[in-house]
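Everything below concerns the one structure shown next.
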Amino acid sequence: MEPVPVGEDASLPCERQIRTTLALAGEDVEIAQARRLAADFLARVQSEHGLPVSQRAMDVTLLVVSELVTNAVKYAPGPLLVDLRIDGDLVEVSVWDADPVLPVARAADAGRVGQHGLEIVMAVAQGFTVQREPVGKRITARIALPDDPAGAPSGRLPG
């Protein structure tokens with residue numbers, strides 16, 4: 001199955017949504033396509049819409065897309081959707097897959113090799129949700145576009 005870019009949605013009459021969606025078959029090679037989609041989307045957000053996108057936001061978004069798509073490919077074989085949307089000064093990265101089993105972050109274990117993706121996403125995102133859908137589940141991470149004024153690498157205030 002070829003990826004299908006759905007495009008930007010300007011359907012709201014008084015408020016333009018900046019959004020793009022990509023349908024994938026759920027194969028390993030498509031992880032790179034999802035990353036390219038995210039990089040191109042944030043570049044357009046900055047160049048065409050004039051919104052500031054820090055290098056940190058670009059890097060974190062690509063990391064989050066990689067981790068979420070990798071998890072969907074690995075644990076929920078089949079089609080998936082990658083949805084990127086601007087909400088104020090945040091980018092929302094959502095990945096839908098058909099498996100209804102909700103992921104659970106594992107306890108920290110420095111000796112464990114692999115299976116840290118969900119922990120990483122939760123650590124770098126400003127917000128994180130997992131929700132069941134009528135079919136499957138949707139995982140959404142929110143990432144601040146501008147750099148944090150306090151200089152925190154995660155974009156969060158210490159505390």
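Chains: A, B, ... in order of the structure tokens. Residues: from 1 per chain. Ligands: from 1, in order shown.
Using only C-alpha atoms, the contacts of range 77-88 of chain A at a cut-off of 8 Å, with sequence neighbours closer than 2 positions omitted, comprise Gln17, Ile18, Arg19, Thr20, Thr21, Leu22, Ala23, Leu24, Ala25, Gly26, Ala34, Ala38, Phe41, Val69, Ala72, Val73, Lys74, Tyr75, Leu90, Val91, Glu92, Val93, Ser94, Val95, Trp96, Asp97, Ala98 and Asp99 of chain A.
Secondary structure of range 17-125 of chain A, strand (DSSP E) only (DSSP, backbone atoms): A:Arg19, A:Thr20, A:Thr21, A:Leu22, A:Ala23, A:Leu24, A:Leu80, A:Leu81, A:Val82, A:Asp83, A:Leu84, A:Arg85, A:Ile86, A:Asp87, A:Leu90, A:Val91, A:Glu92, A:Val93, A:Ser94, A:Val95, A:Trp96, A:Asp97.
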Mind writing the picked residues with N, CA, C and O atoms as a compact mmCIF listing (two decimals), in the first residue's frame?
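Heads up, here's the output in result-v8.txt:
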```
# COMPACT_ATOMS: atom_id res chain seq x y z
N ARG A 19 -2.64 21.18 9.01
CA ARG A 19 -2.66 19.75 9.32
C ARG A 19 -2.26 18.95 8.09
O ARG A 19 -2.51 19.36 6.97
N THR A 20 -1.67 17.80 8.34
CA THR A 20 -1.39 16.86 7.26
C THR A 20 -1.52 15.45 7.82
O THR A 20 -1.29 15.23 9.01
N THR A 21 -1.92 14.52 6.97
CA THR A 21 -2.12 13.14 7.38
C THR A 21 -1.50 12.22 6.33
O THR A 21 -1.56 12.51 5.14
N LEU A 22 -0.94 11.12 6.80
CA LEU A 22 -0.33 10.14 5.91
C LEU A 22 -0.82 8.76 6.30
O LEU A 22 -0.73 8.36 7.47
N ALA A 23 -1.38 8.03 5.32
CA ALA A 23 -1.81 6.65 5.54
C ALA A 23 -0.66 5.74 5.13
O ALA A 23 -0.07 5.91 4.06
N LEU A 24 -0.35 4.77 5.98
CA LEU A 24 0.75 3.84 5.72
C LEU A 24 0.27 2.41 5.88
O LEU A 24 -0.67 2.13 6.64
N LEU A 80 -1.76 2.12 9.35
CA LEU A 80 -1.71 3.14 10.39
C LEU A 80 -1.83 4.50 9.74
O LEU A 80 -1.61 4.66 8.55
N LEU A 81 -2.22 5.47 10.55
CA LEU A 81 -2.32 6.85 10.10
C LEU A 81 -1.43 7.72 10.96
O LEU A 81 -1.43 7.59 12.19
N VAL A 82 -0.69 8.61 10.32
CA VAL A 82 0.11 9.61 11.02
C VAL A 82 -0.55 10.95 10.75
O VAL A 82 -0.77 11.31 9.59
N ASP A 83 -0.89 11.66 11.80
CA ASP A 83 -1.57 12.94 11.67
C ASP A 83 -0.76 13.99 12.41
O ASP A 83 -0.42 13.80 13.58
N LEU A 84 -0.45 15.09 11.73
CA LEU A 84 0.27 16.21 12.33
C LEU A 84 -0.63 17.43 12.24
O LEU A 84 -1.20 17.72 11.18
N ARG A 85 -0.74 18.14 13.35
CA ARG A 85 -1.64 19.29 13.40
C ARG A 85 -1.04 20.36 14.29
O ARG A 85 -0.46 20.06 15.34
N ILE A 86 -1.19 21.60 13.88
CA ILE A 86 -0.75 22.72 14.70
C ILE A 86 -1.91 23.16 15.57
O ILE A 86 -3.04 23.36 15.09
N ASP A 87 -1.64 23.32 16.86
CA ASP A 87 -2.62 23.79 17.82
C ASP A 87 -1.94 24.89 18.63
O ASP A 87 -1.22 24.61 19.58
N LEU A 90 1.85 24.61 19.57
CA LEU A 90 2.20 23.19 19.70
C LEU A 90 1.99 22.47 18.38
O LEU A 90 1.12 22.85 17.59
N VAL A 91 2.77 21.43 18.17
CA VAL A 91 2.48 20.49 17.09
C VAL A 91 1.98 19.21 17.76
O VAL A 91 2.57 18.74 18.73
N GLU A 92 0.85 18.72 17.29
CA GLU A 92 0.32 17.45 17.78
C GLU A 92 0.68 16.36 16.78
O GLU A 92 0.41 16.48 15.59
N VAL A 93 1.30 15.33 17.30
CA VAL A 93 1.65 14.15 16.50
C VAL A 93 0.74 13.03 16.97
O VAL A 93 0.81 12.63 18.13
N SER A 94 -0.13 12.54 16.08
CA SER A 94 -1.03 11.43 16.43
C SER A 94 -0.74 10.26 15.50
O SER A 94 -0.57 10.46 14.29
N VAL A 95 -0.71 9.09 16.09
CA VAL A 95 -0.57 7.87 15.30
C VAL A 95 -1.72 6.94 15.68
O VAL A 95 -1.91 6.64 16.85
N TRP A 96 -2.49 6.55 14.66
CA TRP A 96 -3.59 5.61 14.86
C TRP A 96 -3.16 4.26 14.29
O TRP A 96 -2.52 4.19 13.24
N ASP A 97 -3.51 3.19 15.02
CA ASP A 97 -3.35 1.84 14.48
C ASP A 97 -4.56 1.02 14.87
O ASP A 97 -5.36 1.42 15.71
```
Skipping near chain neighbours, those fewer than 4 positions away, what residues fall within 12 Å of Ala125 in chain A using only C-alpha atoms, listed as a PDB file with N, CA and C atoms, in the first residue's frame?
```pdb
ATOM      1  N   ARG A  56      14.992  22.534  18.313  1.00  0.00           N
ATOM      2  CA  ARG A  56      14.594  21.546  19.315  1.00  0.00           C
ATOM      3  C   ARG A  56      13.253  20.934  18.944  1.00  0.00           C
ATOM      4  N   ALA A  57      12.288  21.769  18.544  1.00  0.00           N
ATOM      5  CA  ALA A  57      10.957  21.263  18.168  1.00  0.00           C
ATOM      6  C   ALA A  57      11.054  20.340  16.960  1.00  0.00           C
ATOM      7  N   ASP A  59      13.707  18.538  16.015  1.00  0.00           N
ATOM      8  CA  ASP A  59      14.372  17.296  16.439  1.00  0.00           C
ATOM      9  C   ASP A  59      13.445  16.412  17.277  1.00  0.00           C
ATOM     10  N   VAL A  60      12.754  17.025  18.227  1.00  0.00           N
ATOM     11  CA  VAL A  60      11.867  16.263  19.112  1.00  0.00           C
ATOM     12  C   VAL A  60      10.691  15.680  18.316  1.00  0.00           C
ATOM     13  N   THR A  61      10.146  16.449  17.385  1.00  0.00           N
ATOM     14  CA  THR A  61       9.039  15.954  16.574  1.00  0.00           C
ATOM     15  C   THR A  61       9.468  14.746  15.747  1.00  0.00           C
ATOM     16  N   LEU A  62      10.636  14.815  15.136  1.00  0.00           N
ATOM     17  CA  LEU A  62      11.125  13.679  14.350  1.00  0.00           C
ATOM     18  C   LEU A  62      11.356  12.459  15.229  1.00  0.00           C
ATOM     19  N   LEU A  63      11.874  12.680  16.436  1.00  0.00           N
ATOM     20  CA  LEU A  63      12.076  11.574  17.376  1.00  0.00           C
ATOM     21  C   LEU A  63      10.734  10.940  17.760  1.00  0.00           C
ATOM     22  N   VAL A  64       9.754  11.776  18.086  1.00  0.00           N
ATOM     23  CA  VAL A  64       8.439  11.279  18.494  1.00  0.00           C
ATOM     24  C   VAL A  64       7.766  10.521  17.346  1.00  0.00           C
ATOM     25  N   VAL A  65       7.824  11.063  16.139  1.00  0.00           N
ATOM     26  CA  VAL A  65       7.253  10.372  14.988  1.00  0.00           C
ATOM     27  C   VAL A  65       7.934   9.020  14.815  1.00  0.00           C
ATOM     28  N   LEU A  90       1.848  24.610  19.572  1.00  0.00           N
ATOM     29  CA  LEU A  90       2.196  23.195  19.703  1.00  0.00           C
ATOM     30  C   LEU A  90       1.988  22.471  18.377  1.00  0.00           C
ATOM     31  N   VAL A  91       2.767  21.426  18.166  1.00  0.00           N
ATOM     32  CA  VAL A  91       2.477  20.486  17.091  1.00  0.00           C
ATOM     33  C   VAL A  91       1.980  19.212  17.757  1.00  0.00           C
ATOM     34  N   GLU A  92       0.851  18.721  17.287  1.00  0.00           N
ATOM     35  CA  GLU A  92       0.316  17.451  17.777  1.00  0.00           C
ATOM     36  C   GLU A  92       0.681  16.360  16.782  1.00  0.00           C
ATOM     37  N   VAL A  93       1.295  15.327  17.296  1.00  0.00           N
ATOM     38  CA  VAL A  93       1.648  14.155  16.502  1.00  0.00           C
ATOM     39  C   VAL A  93       0.740  13.029  16.974  1.00  0.00           C
ATOM     40  N   LEU A 118       8.187   4.508  24.389  1.00  0.00           N
ATOM     41  CA  LEU A 118       7.082   5.205  25.043  1.00  0.00           C
ATOM     42  C   LEU A 118       7.598   6.102  26.164  1.00  0.00           C
ATOM     43  N   GLU A 119       8.580   5.618  26.911  1.00  0.00           N
ATOM     44  CA  GLU A 119       9.189   6.432  27.975  1.00  0.00           C
ATOM     45  C   GLU A 119       9.824   7.689  27.394  1.00  0.00           C
ATOM     46  N   ILE A 120      10.517   7.536  26.268  1.00  0.00           N
ATOM     47  CA  ILE A 120      11.172   8.673  25.623  1.00  0.00           C
ATOM     48  C   ILE A 120      10.126   9.700  25.190  1.00  0.00           C
ATOM     49  N   VAL A 121       9.079   9.244  24.527  1.00  0.00           N
ATOM     50  CA  VAL A 121       8.030  10.154  24.054  1.00  0.00           C
ATOM     51  C   VAL A 121       7.411  10.905  25.228  1.00  0.00           C
ATOM     52  N   THR A 129      -1.334  11.540  25.290  1.00  0.00           N
ATOM     53  CA  THR A 129      -2.583  10.832  25.558  1.00  0.00           C
ATOM     54  C   THR A 129      -2.657   9.551  24.721  1.00  0.00           C
ATOM     55  N   THR A 140      -1.305  10.327  20.972  1.00  0.00           N
ATOM     56  CA  THR A 140      -1.025  11.708  20.608  1.00  0.00           C
ATOM     57  C   THR A 140       0.002  12.299  21.558  1.00  0.00           C
ATOM     58  N   ALA A 141       0.999  12.935  20.972  1.00  0.00           N
ATOM     59  CA  ALA A 141       2.002  13.670  21.746  1.00  0.00           C
ATOM     60  C   ALA A 141       1.984  15.120  21.275  1.00  0.00           C
ATOM     61  N   ARG A 142       2.139  16.055  22.210  1.00  0.00           N
ATOM     62  CA  ARG A 142       2.154  17.481  21.898  1.00  0.00           C
ATOM     63  C   ARG A 142       3.532  18.041  22.204  1.00  0.00           C
ATOM     64  N   ILE A 143       4.061  18.814  21.241  1.00  0.00           N
ATOM     65  CA  ILE A 143       5.415  19.335  21.344  1.00  0.00           C
ATOM     66  C   ILE A 143       5.380  20.836  21.092  1.00  0.00           C
ATOM     67  N   ALA A 144       6.020  21.606  21.974  1.00  0.00           N
ATOM     68  CA  ALA A 144       6.076  23.060  21.827  1.00  0.00           C
ATOM     69  C   ALA A 144       6.941  23.423  20.626  1.00  0.00           C
ATOM     70  N   LEU A 145       6.463  24.370  19.808  1.00  0.00           N
ATOM     71  CA  LEU A 145       7.225  24.811  18.641  1.00  0.00           C
ATOM     72  C   LEU A 145       8.374  25.749  18.999  1.00  0.00           C
ATOM     73  N   PRO A 153      15.578  21.566  28.036  1.00  0.00           N
ATOM     74  CA  PRO A 153      15.616  20.845  26.770  1.00  0.00           C
ATOM     75  C   PRO A 153      14.286  20.216  26.382  1.00  0.00           C
ATOM     76  N   SER A 154      13.479  19.840  27.367  1.00  0.00           N
ATOM     77  CA  SER A 154      12.205  19.191  27.068  1.00  0.00           C
ATOM     78  C   SER A 154      11.128  20.209  26.724  1.00  0.00           C
ATOM     79  N   GLY A 155      11.417  21.495  26.913  1.00  0.00           N
ATOM     80  CA  GLY A 155      10.395  22.508  26.718  1.00  0.00           C
ATOM     81  C   GLY A 155       9.489  22.649  27.921  1.00  0.00           C
ATOM     82  N   ARG A 156       9.783  21.928  28.977  1.00  0.00           N
ATOM     83  CA  ARG A 156       8.987  21.988  30.208  1.00  0.00           C
ATOM     84  C   ARG A 156       9.744  22.751  31.273  1.00  0.00           C
TER      85      ARG A 156
END
```
Range 96-148 of chain A: residues DSSP assigns to helix (DSSP H, G or I), reported as a ChimeraX atom specification: /A:117-124
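Of the residues under consideration (A:Glu133, A:Ala107, A:Ala43, A:Gln33), A:Ala43 shows the shortest atom-to-atom contact distance to Met58 in chain A when counting only C-alpha atoms.
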field: Within 12 Å of Pro103 in chain A using only C-alpha atoms, minus same-chain residues under 6 positions, as a ChimeraX atom specification
entry: /A:68,71-72,75-76,97,115-119,122,129-132,136-139
